[in-house]
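Chemist: Sharing a structure with you now.
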Amino acid sequence: MLVLLTVALAALLVWLWWSDYVPIDKCLDAGGAWNAEARTCVLTVTTIRP
């Protein structure tokens, strides 16, 4: 039973990564915008000078 649970958890983690869920979530948490066509995170860089 433990082996089956471990395999199911591993499959879920692989699916989450393969479906771009994790990279999209990290991108949005960083304040970026996800470009689905290019599968990249677009971040706007700003510099604040005193």
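Residue numbering restarts at 1 for every chain of the structure tokens, chains are lettered A, B, ... in their displayed order, and ligands are numbered from 1 as they appear.
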May I have the residues within 12 Å of range 27-31 of chain A as a list in words, using only C-alpha atoms and disregarding those fewer than 3 positions away in the same chain?
Modeler: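 Near neighbours after the sequence-gap exclusion: Asp20, Tyr21, Val22, Pro23, Ile24, Trp34, Asn35, Ala36, Arg39, Thr40, Cys41, Val42, Leu43, Thr44 and Val45 of chain A.
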Chemist: Taking only chain A into account, list the residues labelled helix (DSSP H, G or I) by DSSP (computed from the backbone), as an MDAnalysis selection string.
Modeler: chainID A and resid 2:18 21:29
Chemist: CA of Asp25 in chain A to CA of Glu37 in chain A: how many Å, to one decimal?
Modeler: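 Taking CA of Asp25 in chain A and CA of Glu37 in chain A, their separation equals 16.3 Å.
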